[in-house]
>>> print(open('final_29.cif').read())   # mmCIF, C-alpha atoms
data_my_file
loop_
_atom_site.label_atom_id
_atom_site.label_comp_id
_atom_site.auth_asym_id
_atom_site.auth_seq_id
_atom_site.Cartn_x
_atom_site.Cartn_y
_atom_site.Cartn_z
CA MET A 1032 3.84 2.87 -4.42
CA THR A 1033 2.26 5.00 -1.72
CA LYS A 1034 -0.09 2.10 -0.95
CA SER A 1035 2.84 0.20 0.54
CA ILE A 1036 3.65 3.17 2.79
CA THR A 1037 0.03 3.11 3.99
CA SER A 1038 0.34 -0.60 4.77
CA ALA A 1039 3.48 0.08 6.79
CA MET A 1040 1.63 2.66 8.89
CA VAL A 1041 -0.96 0.03 9.84
CA GLY A 1042 1.89 -2.33 10.71
CA ILE A 1043 3.36 0.28 13.04
CA LEU A 1044 -0.01 0.87 14.68
CA GLU A 1045 -0.41 -2.88 15.21
CA LYS A 1046 3.11 -3.14 16.68
CA GLN A 1047 2.10 -0.40 19.13
CA GLY A 1048 -1.02 -2.37 20.09
CA ARG A 1049 -3.40 0.29 18.82
CA VAL A 1050 -5.07 -1.75 16.07
CA ASN A 1051 -5.31 -5.38 14.97
CA LYS A 1052 -5.42 -6.38 11.33
CA ASN A 1053 -8.17 -8.89 12.07
CA GLN A 1054 -10.53 -6.37 13.66
CA SER A 1055 -13.88 -5.62 12.03
CA HIS A 1056 -16.54 -2.93 12.69
CA LEU A 1057 -14.21 -0.37 11.13
CA PHE A 1058 -16.66 2.48 10.42
CA SER A 1059 -19.82 3.49 12.25
CA ASP A 1060 -21.83 3.91 9.02
CA TRP A 1061 -21.18 0.24 8.18
CA GLU A 1062 -22.86 -1.08 11.32
CA ALA A 1063 -26.29 -1.39 9.71
CA ASP A 1064 -25.23 -3.99 7.13
CA ASP A 1065 -22.74 -6.74 6.31
CA ARG A 1066 -19.94 -4.26 5.71
CA SER A 1067 -19.48 -4.31 9.49
CA LYS A 1068 -17.91 -7.76 9.02
CA ILE A 1069 -15.15 -6.44 6.73
CA THR A 1070 -11.80 -6.64 8.50
CA LEU A 1071 -8.78 -4.41 8.26
CA ASN A 1072 -7.01 -7.43 6.77
CA ASN A 1073 -9.64 -7.57 4.01
CA LEU A 1074 -8.93 -3.93 3.15
CA LEU A 1075 -5.16 -4.40 3.24
CA GLN A 1076 -5.44 -7.36 0.89
CA MET A 1077 -8.00 -5.61 -1.36
CA ASN A 1078 -10.31 -8.52 -0.73
CA SER A 1079 -13.25 -6.78 0.93
CA GLY A 1080 -16.02 -7.48 -1.57
CA LEU A 1081 -16.78 -3.76 -1.93
CA ALA A 1082 -17.80 -2.48 -5.35
CA TRP A 1083 -15.03 -0.51 -7.07
CA GLU A 1084 -14.00 0.37 -10.63
CA GLU A 1085 -10.29 1.11 -11.09
CA ASP A 1086 -10.16 2.51 -14.63
CA TYR A 1087 -8.01 5.54 -15.46
CA SER A 1088 -9.15 5.76 -19.10
CA LYS A 1089 -12.57 7.22 -18.26
CA ILE A 1090 -14.64 8.78 -15.49
CA SER A 1091 -14.72 5.94 -12.98
CA ASP A 1092 -14.66 5.43 -9.23
CA VAL A 1093 -10.92 6.00 -9.03
CA THR A 1094 -10.76 9.09 -11.24
CA LYS A 1095 -13.71 10.69 -9.43
CA MET A 1096 -12.06 9.99 -6.09
CA LEU A 1097 -8.61 11.30 -7.04
CA PHE A 1098 -9.67 14.38 -9.01
CA LEU A 1099 -13.12 15.45 -7.79
CA LYS A 1100 -13.58 14.56 -4.12
CA GLU A 1101 -12.63 16.69 -1.14
CA ASP A 1102 -12.97 13.68 1.17
CA MET A 1103 -11.35 10.74 -0.61
CA PRO A 1104 -12.19 7.97 1.90
CA LYS A 1105 -15.86 8.92 1.66
CA ILE A 1106 -16.50 7.57 -1.85
CA PRO A 1107 -15.26 4.01 -1.18
CA ARG A 1108 -16.87 4.02 2.28
CA GLU A 1109 -20.26 4.52 0.63
CA LYS A 1110 -19.81 1.64 -1.83
CA PRO A 1111 -22.03 -1.45 -1.40
CA MET A 1112 -20.78 -4.99 -1.02
CA ILE A 1113 -21.04 -7.00 -4.22
CA GLY A 1114 -18.77 -9.86 -3.21
CA THR A 1115 -17.66 -11.90 -0.22
CA PRO A 1116 -14.76 -10.75 1.97
CA ASN A 1117 -11.66 -12.92 1.52
CA LYS A 1118 -13.07 -14.32 -1.73
CA SER A 1119 -13.36 -11.25 -3.97
CA TRP A 1120 -9.95 -9.78 -4.78
CA ASN A 1121 -10.24 -6.53 -6.72
CA TYR A 1122 -7.47 -3.95 -7.10
CA SER A 1123 -8.85 -0.78 -5.56
CA SER A 1124 -7.22 2.54 -4.73
CA GLY A 1125 -10.43 3.29 -2.88
CA THR A 1126 -9.65 0.47 -0.46
CA THR A 1127 -6.30 2.06 0.38
CA ASN A 1128 -7.88 5.45 1.04
CA LEU A 1129 -10.38 3.71 3.32
CA ILE A 1130 -7.35 2.51 5.28
CA SER A 1131 -5.99 6.07 5.42
CA GLY A 1132 -9.37 7.20 6.76
CA PHE A 1133 -9.29 4.41 9.34
CA ILE A 1134 -5.79 5.49 10.42
CA ARG A 1135 -7.06 9.06 10.82
CA ASP A 1136 -9.76 7.79 13.19
CA GLN A 1137 -7.07 6.51 15.57
CA PHE A 1138 -5.91 10.07 16.36
CA LYS A 1139 -7.51 12.94 18.21
CA THR A 1140 -6.23 15.70 15.94
CA ASP A 1141 -5.22 16.18 12.32
CA GLN A 1142 -1.75 17.22 13.47
CA ASP A 1143 -1.24 14.00 15.45
CA TYR A 1144 -2.29 12.00 12.38
CA VAL A 1145 0.02 13.89 10.02
CA ASP A 1146 2.98 13.77 12.40
CA PHE A 1147 2.62 10.03 12.96
CA TRP A 1148 3.47 9.10 9.35
CA TYR A 1149 6.65 11.16 9.45
CA THR A 1150 7.92 10.62 12.98
CA GLU A 1151 7.25 6.87 13.09
CA LEU A 1152 8.42 5.97 9.58
CA ILE A 1153 9.36 8.53 6.95
CA ASP A 1154 11.80 10.65 8.96
CA LYS A 1155 12.95 7.68 11.02
CA ILE A 1156 14.41 5.92 7.98
CA GLY A 1157 15.70 9.13 6.39
CA MET A 1158 13.20 9.51 3.53
CA HIS A 1159 13.68 13.25 3.82
CA SER A 1160 12.58 14.02 0.26
CA MET A 1161 9.19 12.38 0.74
CA THR A 1162 5.96 14.33 0.51
CA ILE A 1163 2.57 12.63 0.65
CA GLU A 1164 -0.27 14.81 -0.51
CA THR A 1165 -3.53 15.12 1.42
CA ASP A 1166 -7.09 15.61 0.24
CA LEU A 1167 -8.94 18.79 1.20
CA LYS A 1168 -10.19 17.15 4.40
CA GLY A 1169 -6.63 16.43 5.54
CA HIS A 1170 -6.46 12.68 4.81
CA PHE A 1171 -3.23 11.44 3.29
CA VAL A 1172 -3.98 10.13 -0.19
CA GLY A 1173 -2.81 6.69 0.85
CA SER A 1174 -3.33 5.21 -2.61
CA SER A 1175 -1.30 7.73 -4.58
CA TYR A 1176 0.54 11.05 -4.61
CA GLY A 1177 3.59 10.05 -2.55
CA TRP A 1178 6.72 11.69 -3.92
CA ALA A 1179 10.35 10.86 -3.11
CA THR A 1180 13.69 10.34 -4.79
CA ALA A 1181 14.71 6.89 -5.99
CA ARG A 1182 17.35 6.78 -3.24
CA ASP A 1183 14.73 7.46 -0.57
CA TRP A 1184 12.39 4.83 -2.01
CA SER A 1185 15.29 2.39 -1.77
CA LYS A 1186 15.43 3.08 1.98
CA PHE A 1187 11.83 1.93 2.27
CA GLY A 1188 12.72 -1.20 0.33
CA LEU A 1189 15.69 -1.83 2.63
CA LEU A 1190 13.42 -1.61 5.67
CA TYR A 1191 11.45 -4.56 4.30
CA LEU A 1192 14.56 -6.40 3.08
CA HIS A 1193 15.86 -6.21 6.67
CA GLU A 1194 12.57 -7.59 8.02
CA GLY A 1195 11.39 -4.31 9.50
CA ASN A 1196 14.65 -3.40 11.23
CA TRP A 1197 16.36 -0.07 10.64
CA ASN A 1198 19.83 0.25 12.15
CA GLY A 1199 18.75 -1.74 15.21
CA ASP A 1200 15.33 -0.13 15.56
CA GLN A 1201 12.55 -2.67 14.92
CA ILE A 1202 10.08 -0.34 13.20
CA LEU A 1203 7.92 -3.19 11.88
CA THR A 1204 7.73 -6.70 13.25
CA LYS A 1205 9.14 -9.53 11.16
CA ASP A 1206 5.65 -11.04 11.29
CA TRP A 1207 4.24 -7.92 9.65
CA VAL A 1208 6.78 -8.06 6.84
CA ASP A 1209 5.97 -11.76 6.31
CA TYR A 1210 2.27 -10.93 6.29
CA SER A 1211 2.82 -8.16 3.73
CA LYS A 1212 4.29 -10.62 1.26
CA THR A 1213 1.83 -13.46 1.86
CA PRO A 1214 -0.43 -14.00 -1.19
CA THR A 1215 -3.98 -12.74 -0.84
CA PRO A 1216 -6.66 -15.41 -1.36
CA THR A 1217 -8.09 -15.28 -4.90
CA SER A 1218 -5.26 -13.01 -6.18
CA ASN A 1219 -3.47 -15.88 -7.96
CA GLY A 1220 -0.27 -15.12 -6.10
CA ILE A 1221 0.15 -11.58 -7.43
CA TYR A 1222 -0.81 -9.52 -4.35
CA GLY A 1223 -0.15 -9.37 -0.63
CA ALA A 1224 -1.01 -6.61 1.86
CA GLN A 1225 -0.59 -3.55 -0.39
CA PHE A 1226 2.47 -5.12 -2.03
CA TRP A 1227 2.71 -6.86 -5.40
CA LEU A 1228 4.19 -10.37 -5.45
CA ASN A 1229 6.03 -12.67 -7.84
CA ALA A 1230 4.73 -15.76 -6.04
CA GLY A 1231 2.57 -16.59 -9.05
CA GLY A 1232 5.50 -16.27 -11.45
CA ARG A 1233 4.62 -12.97 -13.07
CA TYR A 1234 8.36 -12.49 -13.75
CA PRO A 1235 9.45 -16.01 -14.74
CA ASP A 1236 13.19 -15.28 -14.75
CA VAL A 1237 13.20 -13.57 -11.35
CA PRO A 1238 13.07 -15.31 -7.93
CA LYS A 1239 9.54 -15.94 -6.73
CA ASP A 1240 10.23 -14.32 -3.35
CA LEU A 1241 10.29 -10.89 -5.01
CA PHE A 1242 7.71 -8.47 -3.61
CA SER A 1243 7.35 -4.89 -4.73
CA CYS A 1244 5.80 -1.46 -4.48
CA ASN A 1245 4.44 -0.72 -7.98
CA GLY A 1246 3.64 2.79 -9.11
CA TYR A 1247 1.71 4.28 -11.98
CA GLN A 1248 3.28 3.76 -15.42
CA GLY A 1249 6.21 1.69 -14.28
CA GLN A 1250 7.79 3.02 -11.10
CA GLN A 1251 8.78 0.09 -8.91
CA VAL A 1252 10.63 -0.81 -5.72
CA SER A 1253 11.58 -4.48 -6.07
CA ILE A 1254 12.67 -6.33 -2.93
CA ILE A 1255 14.32 -9.73 -3.47
CA PRO A 1256 15.31 -11.32 -0.14
CA SER A 1257 16.98 -14.38 -1.70
CA LYS A 1258 19.38 -12.07 -3.56
CA ASP A 1259 19.73 -9.55 -0.70
CA ILE A 1260 18.87 -6.69 -3.05
CA VAL A 1261 16.50 -3.77 -3.57
CA ILE A 1262 16.10 -2.40 -7.10
CA VAL A 1263 14.32 0.91 -7.70
CA ARG A 1264 13.19 1.89 -11.17
CA PHE A 1265 11.50 5.15 -12.19
CA GLY A 1266 9.91 5.40 -15.61
CA LEU A 1267 6.96 6.37 -17.71
CA VAL A 1268 6.25 3.10 -19.46
CA GLU A 1269 5.36 -0.37 -18.23
CA ASP A 1270 4.62 -3.85 -19.59
CA PRO A 1271 4.32 -4.79 -22.42
CA ILE A 1272 6.40 -1.84 -23.70
CA PHE A 1273 8.94 -2.25 -20.92
CA SER A 1274 9.75 -5.72 -19.61
CA PHE A 1275 10.37 -5.84 -15.88
CA ASN A 1276 11.20 -9.52 -16.23
CA THR A 1277 14.10 -8.71 -18.57
CA PHE A 1278 15.14 -5.61 -16.64
CA LEU A 1279 15.33 -7.37 -13.28
CA SER A 1280 16.82 -10.61 -14.55
CA ASP A 1281 19.54 -8.72 -16.45
CA ILE A 1282 20.50 -6.81 -13.29
CA LEU A 1283 20.66 -10.02 -11.28
CA SER A 1284 22.72 -11.73 -13.96
CA ALA A 1285 25.17 -8.83 -14.09
CA ILE A 1286 25.60 -8.89 -10.32
CA ASN A 1287 26.09 -12.66 -10.27
#
>>> encode(input="final_29.cif", output="structure tokens")
Amino acid sequence: MTKSITSAMVGILEKQGRVNKNQSHLFSDWEADDRSKITLNNLLQMNSGLAWEEDYSKISDVTKMLFLKEDMPKIPREKPMIGTPNKSWNYSSGTTNLISGFIRDQFKTDQDYVDFWYTELIDKIGMHSMTIETDLKGHFVGSSYGWATARDWSKFGLLYLHEGNWNGDQILTKDWVDYSKTPTPTSNGIYGAQFWLNAGGRYPDVPKDLFSCNGYQGQQVSIIPSKDIVIVRFGLVEDPIFSFNTFLSDILSAIN
């Protein structure tokens, strides 16, 4: 679910005019090859074409990054292109940590970078229980390791339900929220900009406008604008053992 927090930080930077999601030439060590053409949008949508193996059952790119690397953005930054940007969707925690590394590059000091996440979002919406871990180089682990209570995660969901507005403060633009829940090309309607979607009908008995922050083993913040609701679920099991379709549809039926 931390990936969605990382996406929000880019949205805030864009609102402030400091970055643009369509910009390319993101890292100096990509300038010598076609990776220079990868846009921030491609990273946000996990559609960059970079090689990546997301497999937690063995030693893979993601497990090496999360458990062995001092500098987590470094391992995905060194990956070659094996696909075409905007045509090669591949779920990648490495992509999200690349974004965290890119965010770090927008600040002069580590302290400015760390403070930004809290002062511009986390503290502003009252997620006071939240802690996001860093790697040993000081990058927030934007893909993972964000901890908060269910009530505080619901505040993040409410920010998106209210189209980026928090008690009159427009933290994210409505356009950014709309962009976050727009299906990524080649994702078959299941993914937006670091948010999961129901646009492809993954949950057949739940409105298709649902978009969500999905965590490891079944944690989920489900935002359903057509029902004006945010549903937060913590757990240690996920489909097919636990049916989100049944869980969410039963809640909606009970409320109706």
>>> resolve_selection(input="final_29.cif", expression="the PyMOL selection byres ((chain A and resi 1162) around 12)", output="mmCIF file with C-alpha atoms, in the frame of the given file")
data_model
loop_
_atom_site.group_PDB
_atom_site.id
_atom_site.type_symbol
_atom_site.label_atom_id
_atom_site.label_comp_id
_atom_site.auth_asym_id
_atom_site.auth_seq_id
_atom_site.Cartn_x
_atom_site.Cartn_y
_atom_site.Cartn_z
ATOM 1 C CA THR A 1033 2.260 5.000 -1.720
ATOM 2 C CA ILE A 1036 3.650 3.170 2.790
ATOM 3 C CA VAL A 1145 0.020 13.890 10.020
ATOM 4 C CA TRP A 1148 3.470 9.100 9.350
ATOM 5 C CA TYR A 1149 6.650 11.160 9.450
ATOM 6 C CA ILE A 1153 9.360 8.530 6.950
ATOM 7 C CA ASP A 1154 11.800 10.650 8.960
ATOM 8 C CA MET A 1158 13.200 9.510 3.530
ATOM 9 C CA HIS A 1159 13.680 13.250 3.820
ATOM 10 C CA SER A 1160 12.580 14.020 0.260
ATOM 11 C CA MET A 1161 9.190 12.380 0.740
ATOM 12 C CA ILE A 1163 2.570 12.630 0.650
ATOM 13 C CA GLU A 1164 -0.270 14.810 -0.510
ATOM 14 C CA THR A 1165 -3.530 15.120 1.420
ATOM 15 C CA PHE A 1171 -3.230 11.440 3.290
ATOM 16 C CA VAL A 1172 -3.980 10.130 -0.190
ATOM 17 C CA GLY A 1173 -2.810 6.690 0.850
ATOM 18 C CA SER A 1175 -1.300 7.730 -4.580
ATOM 19 C CA TYR A 1176 0.540 11.050 -4.610
ATOM 20 C CA GLY A 1177 3.590 10.050 -2.550
ATOM 21 C CA TRP A 1178 6.720 11.690 -3.920
ATOM 22 C CA ALA A 1179 10.350 10.860 -3.110
ATOM 23 C CA THR A 1180 13.690 10.340 -4.790
ATOM 24 C CA ASP A 1183 14.730 7.460 -0.570
ATOM 25 C CA TRP A 1184 12.390 4.830 -2.010
#
>>> atom_distance(input="final_29.cif", atom1="atom CA of Ala1082 of chain A", atom2="atom CA of Ile1069 of chain A")
13.0 Å
>>> closest_residue(input="final_29.cif", among="A:Gly1169, A:Pro1104, A:Gly1080, A:Gly1195", to="Pro1116 of chain A", atoms="only C-alpha atoms")
A:Gly1080
>>> atom_distance(input="final_29.cif", atom1="atom CA of Cys1244 of chain A", atom2="atom CA of Phe1226 of chain A")
5.5 Å
>>> resolve_selection(input="final_29.cif", expression="the PyMOL selection byres ((chain A and resi 1247) around 10)", output="list in words")
Met1032, Ser1175, Asn1245, Gly1246, Gln1248, Gly1249, Gln1250, Gln1251, Phe1265, Gly1266, Leu1267, Val1268 and Glu1269 of chain A
>>> write_last_selection(input="final_29.cif", atoms="C-alpha atoms", output="compact mmCIF listing (two decimals), in the coordinates of the input")
# COMPACT_ATOMS: atom_id res chain seq x y z
CA MET A 1032 3.84 2.87 -4.42
CA SER A 1175 -1.30 7.73 -4.58
CA ASN A 1245 4.44 -0.72 -7.98
CA GLY A 1246 3.64 2.79 -9.11
CA GLN A 1248 3.28 3.76 -15.42
CA GLY A 1249 6.21 1.69 -14.28
CA GLN A 1250 7.79 3.02 -11.10
CA GLN A 1251 8.78 0.09 -8.91
CA PHE A 1265 11.50 5.15 -12.19
CA GLY A 1266 9.91 5.40 -15.61
CA LEU A 1267 6.96 6.37 -17.71
CA VAL A 1268 6.25 3.10 -19.46
CA GLU A 1269 5.36 -0.37 -18.23
>>> closest_residue(input="final_29.cif", among="A:Gly1132, A:Gly1188, A:Gly1231, A:Pro1107", to="Ile1262 of chain A", atoms="only C-alpha atoms")
A:Gly1188
>>> atom_distance(input="final_29.cif", atom1="atom CA of Val1261 of chain A", atom2="atom CA of Lys1186 of chain A")
8.9 Å
>>> axis_aligned_box(input="final_29.cif", around="segment 1166-1184 of chain A", padding_each_side="8 Å", output="lines of an AutoDock Vina configuration file")
center_x = 3.6
center_y = 11.8
center_z = -0.2
size_x = 43.5
size_y = 30.0
size_z = 27.5
>>> resolve_selection(input="final_29.cif", expression="the PyMOL selection byres ((chain A and resi 1055-1060) around 12)", output="JSON list (two decimals) with C-alpha atoms, in the frame of the given file")
[["chain", "number", "residue", "atom", "x", "y", "z"],
["A", 1050, "VAL", "CA", -5.07, -1.75, 16.07],
["A", 1051, "ASN", "CA", -5.31, -5.38, 14.97],
["A", 1052, "LYS", "CA", -5.42, -6.38, 11.33],
["A", 1053, "ASN", "CA", -8.17, -8.89, 12.07],
["A", 1054, "GLN", "CA", -10.53, -6.37, 13.66],
["A", 1061, "TRP", "CA", -21.18, 0.24, 8.18],
["A", 1062, "GLU", "CA", -22.86, -1.08, 11.32],
["A", 1063, "ALA", "CA", -26.29, -1.39, 9.71],
["A", 1064, "ASP", "CA", -25.23, -3.99, 7.13],
["A", 1065, "ASP", "CA", -22.74, -6.74, 6.31],
["A", 1066, "ARG", "CA", -19.94, -4.26, 5.71],
["A", 1067, "SER", "CA", -19.48, -4.31, 9.49],
["A", 1068, "LYS", "CA", -17.91, -7.76, 9.02],
["A", 1069, "ILE", "CA", -15.15, -6.44, 6.73],
["A", 1070, "THR", "CA", -11.80, -6.64, 8.50],
["A", 1071, "LEU", "CA", -8.78, -4.41, 8.26],
["A", 1072, "ASN", "CA", -7.01, -7.43, 6.77],
["A", 1073, "ASN", "CA", -9.64, -7.57, 4.01],
["A", 1074, "LEU", "CA", -8.93, -3.93, 3.15],
["A", 1079, "SER", "CA", -13.25, -6.78, 0.93],
["A", 1104, "PRO", "CA", -12.19, 7.97, 1.90],
["A", 1105, "LYS", "CA", -15.86, 8.92, 1.66],
["A", 1107, "PRO", "CA", -15.26, 4.01, -1.18],
["A", 1108, "ARG", "CA", -16.87, 4.02, 2.28],
["A", 1109, "GLU", "CA", -20.26, 4.52, 0.63],
["A", 1110, "LYS", "CA", -19.81, 1.64, -1.83],
["A", 1111, "PRO", "CA", -22.03, -1.45, -1.40],
["A", 1116, "PRO", "CA", -14.76, -10.75, 1.97],
["A", 1129, "LEU", "CA", -10.38, 3.71, 3.32],
["A", 1130, "ILE", "CA", -7.35, 2.51, 5.28],
["A", 1131, "SER", "CA", -5.99, 6.07, 5.42],
["A", 1132, "GLY", "CA", -9.37, 7.20, 6.76],
["A", 1133, "PHE", "CA", -9.29, 4.41, 9.34],
["A", 1134, "ILE", "CA", -5.79, 5.49, 10.42],
["A", 1135, "ARG", "CA", -7.06, 9.06, 10.82],
["A", 1136, "ASP", "CA", -9.76, 7.79, 13.19],
["A", 1137, "GLN", "CA", -7.07, 6.51, 15.57]]
>>> residues_around(input="final_29.cif", residues="Asp1236 of chain A", least_positions_apart="4", cutoff="9 Å", atoms="all atoms listed in the file", output="list in words")
Gly1232, Asn1276, Thr1277, Leu1279 and Ser1280 of chain A
>>> build_atoms(input="final_29.cif", residues="segment 1049-1058 of chain A", atoms="all heavy atoms", output="JSON list (two decimals), keeping the file's coordinate frame")
[["chain", "number", "residue", "atom", "x", "y", "z"],
["A", 1049, "ARG", "N", -2.28, -0.64, 18.96],
["A", 1049, "ARG", "CA", -3.40, 0.29, 18.82],
["A", 1049, "ARG", "C", -4.48, -0.23, 17.87],
["A", 1049, "ARG", "O", -5.62, 0.20, 17.94],
["A", 1049, "ARG", "CB", -2.88, 1.65, 18.35],
["A", 1049, "ARG", "CG", -1.91, 2.26, 19.35],
["A", 1049, "ARG", "CD", -1.17, 3.47, 18.81],
["A", 1049, "ARG", "NE", -2.04, 4.60, 18.58],
["A", 1049, "ARG", "CZ", -1.59, 5.81, 18.22],
["A", 1049, "ARG", "NH1", -0.28, 6.01, 18.07],
["A", 1049, "ARG", "NH2", -2.43, 6.79, 18.01],
["A", 1050, "VAL", "N", -4.11, -1.12, 16.97],
["A", 1050, "VAL", "CA", -5.07, -1.75, 16.07],
["A", 1050, "VAL", "C", -4.68, -3.21, 15.90],
["A", 1050, "VAL", "O", -3.58, -3.62, 16.28],
["A", 1050, "VAL", "CB", -5.12, -1.06, 14.67],
["A", 1050, "VAL", "CG1", -5.42, 0.42, 14.79],
["A", 1050, "VAL", "CG2", -3.83, -1.30, 13.89],
["A", 1051, "ASN", "N", -5.59, -3.98, 15.31],
["A", 1051, "ASN", "CA", -5.31, -5.38, 14.97],
["A", 1051, "ASN", "C", -5.84, -5.63, 13.57],
["A", 1051, "ASN", "O", -6.98, -5.26, 13.26],
["A", 1051, "ASN", "CB", -5.99, -6.32, 15.97],
["A", 1051, "ASN", "CG", -5.63, -7.76, 15.74],
["A", 1051, "ASN", "OD1", -5.95, -8.33, 14.69],
["A", 1051, "ASN", "ND2", -4.97, -8.38, 16.70],
["A", 1052, "LYS", "N", -5.02, -6.21, 12.73],
["A", 1052, "LYS", "CA", -5.42, -6.38, 11.33],
["A", 1052, "LYS", "C", -6.66, -7.24, 11.16],
["A", 1052, "LYS", "O", -7.33, -7.18, 10.12],
["A", 1052, "LYS", "CB", -4.27, -6.94, 10.50],
["A", 1052, "LYS", "CG", -3.81, -8.33, 10.87],
["A", 1052, "LYS", "CD", -2.68, -8.78, 9.94],
["A", 1052, "LYS", "CE", -2.11, -10.13, 10.32],
["A", 1052, "LYS", "NZ", -1.41, -10.07, 11.63],
["A", 1053, "ASN", "N", -6.99, -8.02, 12.17],
["A", 1053, "ASN", "CA", -8.17, -8.89, 12.07],
["A", 1053, "ASN", "C", -9.42, -8.26, 12.65],
["A", 1053, "ASN", "O", -10.48, -8.90, 12.68],
["A", 1053, "ASN", "CB", -7.89, -10.22, 12.78],
["A", 1053, "ASN", "CG", -6.80, -11.01, 12.08],
["A", 1053, "ASN", "OD1", -6.82, -11.16, 10.86],
["A", 1053, "ASN", "ND2", -5.83, -11.50, 12.84],
["A", 1054, "GLN", "N", -9.34, -7.01, 13.08],
["A", 1054, "GLN", "CA", -10.53, -6.37, 13.66],
["A", 1054, "GLN", "C", -11.53, -5.99, 12.57],
["A", 1054, "GLN", "O", -11.16, -5.67, 11.44],
["A", 1054, "GLN", "CB", -10.14, -5.15, 14.49],
["A", 1054, "GLN", "CG", -9.65, -3.94, 13.71],
["A", 1054, "GLN", "CD", -9.16, -2.82, 14.63],
["A", 1054, "GLN", "OE1", -8.05, -2.84, 15.14],
["A", 1054, "GLN", "NE2", -10.04, -1.82, 14.84],
["A", 1055, "SER", "N", -12.79, -6.04, 12.92],
["A", 1055, "SER", "CA", -13.88, -5.62, 12.03],
["A", 1055, "SER", "C", -14.58, -4.42, 12.66],
["A", 1055, "SER", "O", -14.03, -3.77, 13.54],
["A", 1055, "SER", "CB", -14.84, -6.79, 11.80],
["A", 1055, "SER", "OG", -15.33, -7.28, 13.02],
["A", 1056, "HIS", "N", -15.80, -4.09, 12.19],
["A", 1056, "HIS", "CA", -16.54, -2.93, 12.69],
["A", 1056, "HIS", "C", -15.66, -1.67, 12.57],
["A", 1056, "HIS", "O", -15.41, -0.97, 13.55],
["A", 1056, "HIS", "CB", -17.00, -3.16, 14.13],
["A", 1056, "HIS", "CG", -17.86, -4.38, 14.28],
["A", 1056, "HIS", "ND1", -19.21, -4.37, 14.00],
["A", 1056, "HIS", "CD2", -17.55, -5.64, 14.65],
["A", 1056, "HIS", "CE1", -19.71, -5.58, 14.21],
["A", 1056, "HIS", "NE2", -18.73, -6.37, 14.58],
["A", 1057, "LEU", "N", -15.22, -1.41, 11.36],
["A", 1057, "LEU", "CA", -14.21, -0.37, 11.13],
["A", 1057, "LEU", "C", -14.79, 1.04, 11.06],
["A", 1057, "LEU", "O", -14.12, 2.00, 11.41],
["A", 1057, "LEU", "CB", -13.46, -0.68, 9.83],
["A", 1057, "LEU", "CG", -12.77, -2.06, 9.78],
["A", 1057, "LEU", "CD1", -12.11, -2.26, 8.42],
["A", 1057, "LEU", "CD2", -11.75, -2.20, 10.90],
["A", 1058, "PHE", "N", -16.05, 1.16, 10.58],
["A", 1058, "PHE", "CA", -16.66, 2.48, 10.42],
["A", 1058, "PHE", "C", -18.10, 2.44, 10.94],
["A", 1058, "PHE", "O", -18.83, 1.48, 10.67],
["A", 1058, "PHE", "CB", -16.65, 2.90, 8.94],
["A", 1058, "PHE", "CG", -15.27, 2.96, 8.34],
["A", 1058, "PHE", "CD1", -14.83, 1.94, 7.51],
["A", 1058, "PHE", "CD2", -14.43, 4.01, 8.62],
["A", 1058, "PHE", "CE1", -13.56, 1.98, 6.95],
["A", 1058, "PHE", "CE2", -13.16, 4.07, 8.07],
["A", 1058, "PHE", "CZ", -12.71, 3.05, 7.24]]
